[in-house]
>>> print(open('work32.cif').read())   # mmCIF, C-alpha atoms
data_entry
#
loop_
_atom_site.label_atom_id
_atom_site.label_comp_id
_atom_site.auth_asym_id
_atom_site.auth_seq_id
_atom_site.Cartn_x
_atom_site.Cartn_y
_atom_site.Cartn_z
CA MET A 1 136.36 26.19 78.19
CA PRO A 2 138.46 26.53 81.34
CA LEU A 3 136.56 27.81 84.36
CA ARG A 4 138.98 30.74 84.85
CA THR A 5 138.46 31.94 81.25
CA LEU A 6 134.67 31.69 81.62
CA ARG A 7 134.74 33.78 84.82
CA THR A 8 136.91 36.41 83.11
CA ARG A 9 134.51 36.73 80.19
CA ILE A 10 131.50 37.04 82.51
CA ALA A 11 133.24 39.76 84.56
CA THR A 12 134.25 41.66 81.41
CA ALA A 13 130.69 41.50 80.07
CA ALA A 14 129.27 42.76 83.36
CA VAL A 15 131.61 45.75 83.41
CA ALA A 16 130.72 46.59 79.81
CA THR A 17 127.01 46.34 80.58
CA LEU A 18 127.33 48.69 83.57
CA ALA A 19 129.37 51.19 81.56
CA ALA A 20 126.80 51.19 78.76
CA ALA A 21 123.99 51.65 81.25
CA GLY A 22 125.80 54.57 82.80
CA LEU A 23 126.39 56.15 79.38
CA LEU A 24 122.71 55.76 78.44
CA ALA A 25 121.63 57.21 81.76
CA GLY A 26 123.83 60.22 81.13
CA CYS A 27 122.35 60.75 77.68
CA ALA A 28 118.73 60.24 78.68
CA GLY A 29 118.91 62.52 81.69
CA SER A 30 116.51 62.73 84.61
CA PRO A 31 113.38 64.87 85.03
CA GLY A 32 115.35 67.41 87.05
CA ASP A 33 118.22 67.87 84.59
CA ALA A 34 116.46 70.54 82.54
CA ASP A 35 115.88 72.65 85.65
CA SER A 36 119.53 72.39 86.67
CA ALA A 37 120.47 74.61 83.71
CA VAL A 38 118.23 77.42 85.00
CA THR A 39 119.61 79.97 87.47
CA THR A 40 117.04 81.06 90.03
CA LEU A 41 117.34 84.69 91.13
CA ARG A 42 115.62 85.46 94.43
CA VAL A 43 114.21 88.99 94.45
CA GLY A 44 112.74 90.48 97.62
CA ALA A 45 109.91 93.03 97.63
CA VAL A 46 107.74 94.73 100.24
CA THR A 47 104.04 94.99 99.28
CA ALA A 48 102.38 95.81 95.96
CA PRO A 49 102.95 97.23 93.38
CA ALA A 50 106.61 96.26 93.91
CA THR A 51 105.63 92.60 94.25
CA ASP A 52 103.55 92.86 91.05
CA ILE A 53 106.55 94.28 89.22
CA VAL A 54 108.77 91.41 90.37
CA GLU A 55 106.25 88.88 89.09
CA ALA A 56 105.98 90.70 85.75
CA ALA A 57 109.79 90.71 85.49
CA GLY A 58 109.71 86.99 86.16
CA ALA A 59 107.57 86.50 83.07
CA ALA A 60 110.07 88.47 80.99
CA ILE A 61 113.41 87.16 82.28
CA ALA A 62 115.74 85.70 79.63
CA ASP A 63 116.12 81.99 79.03
CA GLY A 64 118.46 80.40 81.52
CA TYR A 65 117.08 82.44 84.41
CA GLU A 66 113.99 82.49 86.56
CA ILE A 67 112.88 84.95 89.24
CA GLU A 68 111.58 83.81 92.60
CA LEU A 69 109.59 86.49 94.44
CA VAL A 70 110.52 86.67 98.13
CA PRO A 71 107.88 88.73 100.02
CA VAL A 72 109.39 90.62 102.97
CA SER A 73 107.54 92.60 105.63
CA ASP A 74 109.82 95.58 106.18
CA TYR A 75 112.55 97.64 104.56
CA VAL A 76 115.34 97.03 107.07
CA THR A 77 114.94 93.24 106.90
CA ILE A 78 114.93 93.21 103.11
CA ASN A 79 118.28 95.03 102.98
CA ASN A 80 119.76 92.85 105.70
CA MET A 81 118.74 89.80 103.66
CA LEU A 82 120.42 91.18 100.55
CA ALA A 83 123.59 92.13 102.41
CA ALA A 84 123.73 88.61 103.91
CA GLY A 85 123.23 86.88 100.56
CA ASP A 86 119.83 85.42 101.48
CA ILE A 87 118.37 87.00 98.34
CA ASP A 88 120.04 88.07 95.08
CA ALA A 89 118.32 91.44 94.60
CA ASN A 90 115.56 93.55 96.05
CA PHE A 91 113.04 95.97 94.70
CA SER A 92 111.45 98.11 97.39
CA GLN A 93 113.46 101.28 97.95
CA HIS A 94 114.79 104.47 96.45
CA GLU A 95 118.50 105.19 96.24
CA PRO A 96 118.67 107.72 99.14
CA TYR A 97 117.22 105.10 101.51
CA MET A 98 119.70 102.49 100.25
CA THR A 99 122.62 104.90 100.69
CA GLU A 100 121.55 105.56 104.27
CA PHE A 101 121.40 101.81 104.94
CA ASN A 102 124.89 101.31 103.50
CA GLU A 103 126.33 104.07 105.69
CA LYS A 104 124.69 102.83 108.88
CA ASN A 105 125.45 99.16 108.37
CA GLY A 106 128.75 99.09 106.50
CA ALA A 107 126.93 97.40 103.63
CA SER A 108 127.73 97.54 99.94
CA LEU A 109 124.45 97.57 98.04
CA GLU A 110 124.08 99.26 94.68
CA ALA A 111 121.09 100.66 92.81
CA VAL A 112 121.40 99.44 89.23
CA GLN A 113 118.12 100.46 87.58
CA PRO A 114 115.31 102.94 88.38
CA VAL A 115 112.05 101.23 87.51
CA TYR A 116 109.16 103.42 88.59
CA ASN A 117 108.50 106.71 90.29
CA PHE A 118 105.58 107.29 92.62
CA VAL A 119 103.49 110.15 93.95
CA ILE A 120 104.05 110.75 97.67
CA ALA A 121 101.52 112.61 99.79
CA PHE A 122 100.31 113.81 103.16
CA TYR A 123 96.86 112.56 104.20
CA SER A 124 94.35 113.47 106.88
CA LYS A 125 91.26 111.79 108.27
CA THR A 126 89.77 115.08 109.43
CA LEU A 127 91.06 117.81 107.09
CA ARG A 128 89.68 118.47 103.63
CA ASP A 129 92.29 121.05 102.73
CA ILE A 130 95.83 121.72 103.96
CA ASP A 131 94.77 125.28 104.87
CA GLU A 132 92.63 123.75 107.67
CA LEU A 133 95.77 122.57 109.52
CA THR A 134 95.43 123.97 113.03
CA ASP A 135 97.89 125.27 115.60
CA GLY A 136 99.56 122.45 117.51
CA ALA A 137 98.54 119.77 114.98
CA THR A 138 100.29 116.39 115.09
CA VAL A 139 102.16 115.44 111.92
CA ALA A 140 103.34 111.83 111.45
CA ILE A 141 106.44 111.41 109.28
CA PRO A 142 108.91 108.57 108.54
CA ASN A 143 111.80 108.13 110.98
CA ASP A 144 114.55 107.24 108.48
CA SER A 145 116.62 110.23 107.44
CA SER A 146 115.98 110.15 103.68
CA ASN A 147 112.21 110.05 104.04
CA THR A 148 112.23 112.46 106.99
CA ALA A 149 113.91 114.97 104.69
CA ARG A 150 111.43 114.24 101.94
CA ALA A 151 108.50 114.91 104.26
CA LEU A 152 110.02 118.11 105.67
CA LYS A 153 110.86 119.37 102.18
CA LEU A 154 107.25 118.85 101.11
CA LEU A 155 106.02 120.87 104.10
CA ALA A 156 108.61 123.57 103.47
CA ASP A 157 107.70 123.80 99.78
CA ALA A 158 104.11 124.47 100.91
CA ASP A 159 105.33 127.21 103.31
CA ILE A 160 103.97 125.31 106.32
CA ILE A 161 107.41 125.19 107.93
CA GLY A 162 110.72 126.88 107.17
CA LEU A 163 114.12 125.18 107.09
CA ALA A 164 117.27 126.85 108.38
CA PRO A 165 119.19 128.85 105.75
CA GLY A 166 121.76 126.83 103.84
CA VAL A 167 120.26 123.44 104.75
CA ASP A 168 120.07 120.95 101.89
CA PRO A 169 116.34 120.14 101.85
CA TYR A 170 117.11 116.57 100.75
CA ALA A 171 119.13 116.10 103.95
CA ALA A 172 116.92 118.07 106.33
CA LYS A 173 116.35 116.82 109.88
CA LEU A 174 113.81 117.86 112.47
CA ASP A 175 116.51 119.98 114.12
CA ASP A 176 116.71 121.97 110.86
CA VAL A 177 113.13 123.24 111.18
CA ALA A 178 113.77 126.93 111.90
CA GLU A 179 110.23 128.21 111.41
CA ASN A 180 107.18 126.40 112.74
CA PRO A 181 104.40 129.01 112.86
CA LYS A 182 101.68 126.43 113.51
CA ASN A 183 103.68 124.80 116.34
CA LEU A 184 103.36 121.43 114.66
CA GLN A 185 104.14 118.38 116.80
CA PHE A 186 106.08 115.77 114.84
CA LEU A 187 105.64 112.04 115.37
CA SER A 188 108.37 109.88 113.80
CA LEU A 189 107.51 106.28 112.86
CA GLU A 190 108.69 103.48 110.58
CA ILE A 191 107.14 103.77 107.13
CA ASN A 192 105.15 100.58 107.56
CA GLN A 193 103.71 101.92 110.85
CA LEU A 194 102.49 105.27 109.55
CA ASN A 195 99.05 103.91 108.66
CA THR A 196 98.45 103.31 112.36
CA ALA A 197 98.76 107.06 112.97
CA TYR A 198 96.06 107.93 110.45
CA ASP A 199 93.23 107.74 113.02
CA GLU A 200 94.99 109.93 115.59
CA ALA A 201 97.39 112.31 113.87
CA ASP A 202 96.15 115.38 112.01
CA LEU A 203 98.47 114.85 109.05
CA VAL A 204 100.25 111.68 107.91
CA PHE A 205 102.99 111.27 105.28
CA GLN A 206 102.79 107.93 103.50
CA TRP A 207 103.82 105.97 100.43
CA PRO A 208 100.96 105.08 98.02
CA SER A 209 101.71 101.37 98.31
CA HIS A 210 100.95 101.49 102.04
CA ILE A 211 98.13 104.05 102.15
CA ALA A 212 96.26 101.90 99.62
CA ALA A 213 95.46 99.54 102.51
CA LEU A 214 93.23 102.33 103.89
CA GLY A 215 91.50 102.79 100.55
CA LEU A 216 93.29 106.07 99.82
CA THR A 217 95.26 107.33 96.82
CA PRO A 218 97.49 110.39 96.44
CA GLN A 219 95.48 111.61 93.47
CA ASP A 220 92.13 111.53 95.26
CA ASP A 221 93.07 112.01 98.91
CA GLY A 222 96.50 113.65 99.13
CA LEU A 223 96.50 117.13 100.68
CA LEU A 224 100.12 117.74 99.64
CA THR A 225 101.65 115.68 96.85
CA GLU A 226 105.07 115.36 95.26
CA LEU A 227 106.69 113.41 92.42
CA ASP A 228 110.51 113.53 92.41
CA ASP A 229 112.73 111.41 90.16
CA ARG A 230 115.36 111.28 92.90
CA PHE A 231 113.07 108.87 94.76
CA ALA A 232 112.33 106.43 91.94
CA LEU A 233 112.10 102.83 93.12
CA GLN A 234 115.29 100.99 92.23
CA LEU A 235 116.41 97.46 91.49
CA VAL A 236 119.19 96.89 94.05
CA VAL A 237 121.92 94.24 94.11
CA PRO A 238 125.17 93.68 96.02
CA SER A 239 127.85 95.97 94.56
CA ALA A 240 130.01 92.96 93.67
CA GLU A 241 127.22 91.71 91.38
CA ALA A 242 126.38 95.03 89.73
CA ASP A 243 128.02 94.09 86.41
CA SER A 244 127.29 90.38 86.40
CA PRO A 245 125.35 88.60 83.62
CA ALA A 246 122.60 87.76 86.14
CA THR A 247 122.17 91.44 87.02
CA ARG A 248 122.08 92.32 83.32
CA ALA A 249 119.29 89.77 82.89
CA LEU A 250 117.41 91.30 85.84
CA ILE A 251 117.76 94.82 84.44
CA ASP A 252 116.43 93.68 81.07
CA ALA A 253 113.48 91.96 82.75
CA PHE A 254 112.66 94.95 84.98
CA THR A 255 112.64 97.29 81.97
CA SER A 256 110.57 94.96 79.78
CA ASP A 257 107.22 95.57 78.12
CA GLU A 258 105.62 93.23 80.66
CA VAL A 259 106.76 95.48 83.51
CA ARG A 260 105.76 98.65 81.67
CA LYS A 261 102.22 97.30 81.27
CA VAL A 262 101.92 96.78 85.02
CA ILE A 263 103.21 100.30 85.69
CA GLU A 264 100.84 101.87 83.17
CA GLY A 265 97.95 100.04 84.81
CA ASN A 266 98.63 101.73 88.18
CA ALA A 267 97.69 105.41 88.39
CA THR A 268 99.97 106.12 91.37
CA ILE A 269 103.24 105.27 89.60
CA GLU A 270 105.03 106.07 86.36
CA ALA A 271 107.87 104.36 84.50
CA ALA A 272 111.39 105.60 85.24
CA PHE A 273 113.03 103.82 82.29
#
>>> encode(input="work32.cif", output="structure tokens")
Amino acid sequence: MPLRTLRTRIATAAVATLAAAGLLAGCAGSPGDADSAVTTLRVGAVTAPATDIVEAAGAAIADGYEIELVPVSDYVTINNMLAAGDIDANFSQHEPYMTEFNEKNGASLEAVQPVYNFVIAFYSKTLRDIDELTDGATVAIPNDSSNTARALKLLADADIIGLAPGVDPYAAKLDDVAENPKNLQFLSLEINQLNTAYDEADLVFQWPSHIAALGLTPQDDGLLTELDDRFALQLVVPSAEADSPATRALIDAFTSDEVRKVIEGNATIEAAF
């Protein structure tokens, strides 16, 4: 056989062998190929029980998706992360707080599903009853507008303060306090800093998820309590993703039986779906 013909046959055989190897490799796949078909959705949350809910949703998410819990330390950061695309959703706020964030930051976040409601309360280290509140007492409240209003409304509903006529109690500000017969002194702090005021202030407004760190619950220790559906904790996504298949999968997971079981196991919250 001529040398040129032999070389041609060898080269042709080599190409065929490589092509077959490539085809087999494509069919067999690699250990990571199965994972590549799964979409990971990063969901931020601040403290329990929100973090517990995210993990329960992760166990219920539909095939083709998985949830990665991203713990975040504060409520401003978690919204900044969502607005920047660093996470795909978050679960740590009610809609009024989200709306305030959007307005202040030119963001476009959207609440797509209320998941649970929670009892809010005022607490005191020294008082056993709200009637013991003395003249000139210091009252610690949140410094964001939606939760400031919530705290002032709770005090007004108890006739401890009076709001100016015509003021929407859900939008009340400290300047709207028209009657303050006990000359209360208000201390405004970030929500996650309110626990630090518990030792010094006479009355402290706080979410149950945070006050739990002090061993307190609204049912056992709250001097004034409130449960309002307007403030249900919401699953929040970028507005552009509100109708996406991934968001639909998240909504289904966050309203699953697995999530409901976690909610029913916590006495401070109740399902909002």
>>> resolve_selection(input="work32.cif", expression="the PyMOL selection byres ((chain A and resi 250) around 12)", output="mmCIF file with C-alpha atoms, keeping the file's coordinate frame")
data_model
loop_
_atom_site.group_PDB
_atom_site.id
_atom_site.type_symbol
_atom_site.label_atom_id
_atom_site.label_comp_id
_atom_site.auth_asym_id
_atom_site.auth_seq_id
_atom_site.Cartn_x
_atom_site.Cartn_y
_atom_site.Cartn_z
ATOM 1 C CA THR A 39 119.610 79.970 87.470
ATOM 2 C CA THR A 40 117.040 81.060 90.030
ATOM 3 C CA LEU A 41 117.340 84.690 91.130
ATOM 4 C CA ARG A 42 115.620 85.460 94.430
ATOM 5 C CA VAL A 43 114.210 88.990 94.450
ATOM 6 C CA ILE A 53 106.550 94.280 89.220
ATOM 7 C CA VAL A 54 108.770 91.410 90.370
ATOM 8 C CA GLU A 55 106.250 88.880 89.090
ATOM 9 C CA ALA A 56 105.980 90.700 85.750
ATOM 10 C CA ALA A 57 109.790 90.710 85.490
ATOM 11 C CA GLY A 58 109.710 86.990 86.160
ATOM 12 C CA ALA A 59 107.570 86.500 83.070
ATOM 13 C CA ALA A 60 110.070 88.470 80.990
ATOM 14 C CA ILE A 61 113.410 87.160 82.280
ATOM 15 C CA ALA A 62 115.740 85.700 79.630
ATOM 16 C CA ASP A 63 116.120 81.990 79.030
ATOM 17 C CA GLY A 64 118.460 80.400 81.520
ATOM 18 C CA TYR A 65 117.080 82.440 84.410
ATOM 19 C CA GLU A 66 113.990 82.490 86.560
ATOM 20 C CA ILE A 67 112.880 84.950 89.240
ATOM 21 C CA GLU A 68 111.580 83.810 92.600
ATOM 22 C CA ASP A 88 120.040 88.070 95.080
ATOM 23 C CA ALA A 89 118.320 91.440 94.600
ATOM 24 C CA ASN A 90 115.560 93.550 96.050
ATOM 25 C CA PHE A 91 113.040 95.970 94.700
ATOM 26 C CA VAL A 112 121.400 99.440 89.230
ATOM 27 C CA GLN A 113 118.120 100.460 87.580
ATOM 28 C CA VAL A 115 112.050 101.230 87.510
ATOM 29 C CA GLN A 234 115.290 100.990 92.230
ATOM 30 C CA LEU A 235 116.410 97.460 91.490
ATOM 31 C CA VAL A 236 119.190 96.890 94.050
ATOM 32 C CA VAL A 237 121.920 94.240 94.110
ATOM 33 C CA GLU A 241 127.220 91.710 91.380
ATOM 34 C CA ALA A 242 126.380 95.030 89.730
ATOM 35 C CA ASP A 243 128.020 94.090 86.410
ATOM 36 C CA SER A 244 127.290 90.380 86.400
ATOM 37 C CA PRO A 245 125.350 88.600 83.620
ATOM 38 C CA ALA A 246 122.600 87.760 86.140
ATOM 39 C CA THR A 247 122.170 91.440 87.020
ATOM 40 C CA ARG A 248 122.080 92.320 83.320
ATOM 41 C CA ALA A 249 119.290 89.770 82.890
ATOM 42 C CA ILE A 251 117.760 94.820 84.440
ATOM 43 C CA ASP A 252 116.430 93.680 81.070
ATOM 44 C CA ALA A 253 113.480 91.960 82.750
ATOM 45 C CA PHE A 254 112.660 94.950 84.980
ATOM 46 C CA THR A 255 112.640 97.290 81.970
ATOM 47 C CA SER A 256 110.570 94.960 79.780
ATOM 48 C CA VAL A 259 106.760 95.480 83.510
#
>>> atom_distance(input="work32.cif", atom1="atom CA of Glu179 of chain A", atom2="atom CA of Gly162 of chain A")
4.5 Å
>>> resolve_selection(input="work32.cif", expression="the PyMOL selection byres ((chain A and resi 267) around 12)", output="list in words")
Pro49, Tyr116, Asn117, Phe118, Val119, Pro208, Ser209, Ala212, Thr217, Pro218, Gln219, Asp220, Lys261, Val262, Ile263, Glu264, Gly265, Asn266, Thr268, Ile269, Glu270 and Ala271 of chain A
>>> atom_distance(input="work32.cif", atom1="atom CA of Leu194 of chain A", atom2="atom CA of Asp221 of chain A")
15.7 Å
>>> closest_residue(input="work32.cif", among="A:Asp228, A:Asp175, A:Asp144, A:Glu258", to="Ala121 of chain A", atoms="only C-alpha atoms")
A:Asp228
>>> resolve_selection(input="work32.cif", expression="the PyMOL selection byres ((chain A and resi 193) around 12)", output="VMD selection string")
chain A and resid 73 to 75 140 to 143 187 to 192 194 to 198 204 to 207 210 to 211 213
>>> atom_distance(input="work32.cif", atom1="atom CA of Asn183 of chain A", atom2="atom CA of Ile130 of chain A")
15.0 Å
>>> residues_around(input="work32.cif", residues="Lys182 of chain A", least_positions_apart="4", cutoff="7 Å", atoms="all atoms listed in the file", output="JSON, numbers by chain")
{"A": [134, 135, 136]}
>>> closest_residue(input="work32.cif", among="A:Ile120, A:Ile78, A:Val167, A:Val46", to="Glu226 of chain A", atoms="only C-alpha atoms")
A:Ile120
>>> closest_residue(input="work32.cif", among="A:Ala45, A:Leu227, A:Arg260, A:Pro238", to="Ala111 of chain A", atoms="all atoms listed in the file")
A:Pro238
>>> closest_residue(input="work32.cif", among="A:Thr148, A:Asp168, A:Glu100, A:Gly44", to="Gly85 of chain A", atoms="only C-alpha atoms")
A:Gly44
>>> residues_around(input="work32.cif", residues="Lys125 of chain A", least_positions_apart="3", cutoff="8 Å", atoms="only C-alpha atoms", output="JSON, numbers by chain")
{"A": [198, 199, 202, 203]}
>>> closest_residue(input="work32.cif", among="A:Ser146, A:Ser124, A:Gln93, A:Thr225", to="Leu109 of chain A", atoms="all atoms listed in the file")
A:Gln93
>>> closest_residue(input="work32.cif", among="A:Ala48, A:Val139, A:Glu95, A:Asp131", to="Ala232 of chain A", atoms="all atoms listed in the file")
A:Glu95
>>> decode(input="work32.cif", residues="segment 47-73 of chain A", atoms="C-alpha atoms", output="CSV table (one decimal), in the first residue's frame")
chain,number,residue,atom,x,y,z
A,47,THR,CA,-33.3,36.4,61.5
A,48,ALA,CA,-35.8,33.6,62.5
A,49,PRO,CA,-38.6,32.8,61.9
A,50,ALA,CA,-38.1,34.3,58.4
A,51,THR,CA,-35.0,32.2,57.9
A,52,ASP,CA,-36.9,29.1,59.0
A,53,ILE,CA,-39.6,29.8,56.5
A,54,VAL,CA,-37.0,30.2,53.7
A,55,GLU,CA,-35.5,26.8,54.5
A,56,ALA,CA,-39.0,25.2,54.6
A,57,ALA,CA,-39.8,26.7,51.2
A,58,GLY,CA,-36.5,25.2,50.0
A,59,ALA,CA,-37.8,21.8,50.9
A,60,ALA,CA,-41.0,22.4,48.9
A,61,ILE,CA,-39.7,24.2,45.8
A,62,ALA,CA,-40.7,22.5,42.5
A,63,ASP,CA,-38.3,20.4,40.5
A,64,GLY,CA,-35.9,22.4,38.4
A,65,TYR,CA,-35.4,24.9,41.2
A,66,GLU,CA,-33.6,25.1,44.5
A,67,ILE,CA,-33.5,27.9,47.2
A,68,GLU,CA,-30.3,29.1,48.7
A,69,LEU,CA,-30.9,31.0,52.0
A,70,VAL,CA,-28.8,34.2,52.2
A,71,PRO,CA,-28.8,35.4,55.8
A,72,VAL,CA,-28.5,39.2,56.0
A,73,SER,CA,-28.0,41.4,59.1
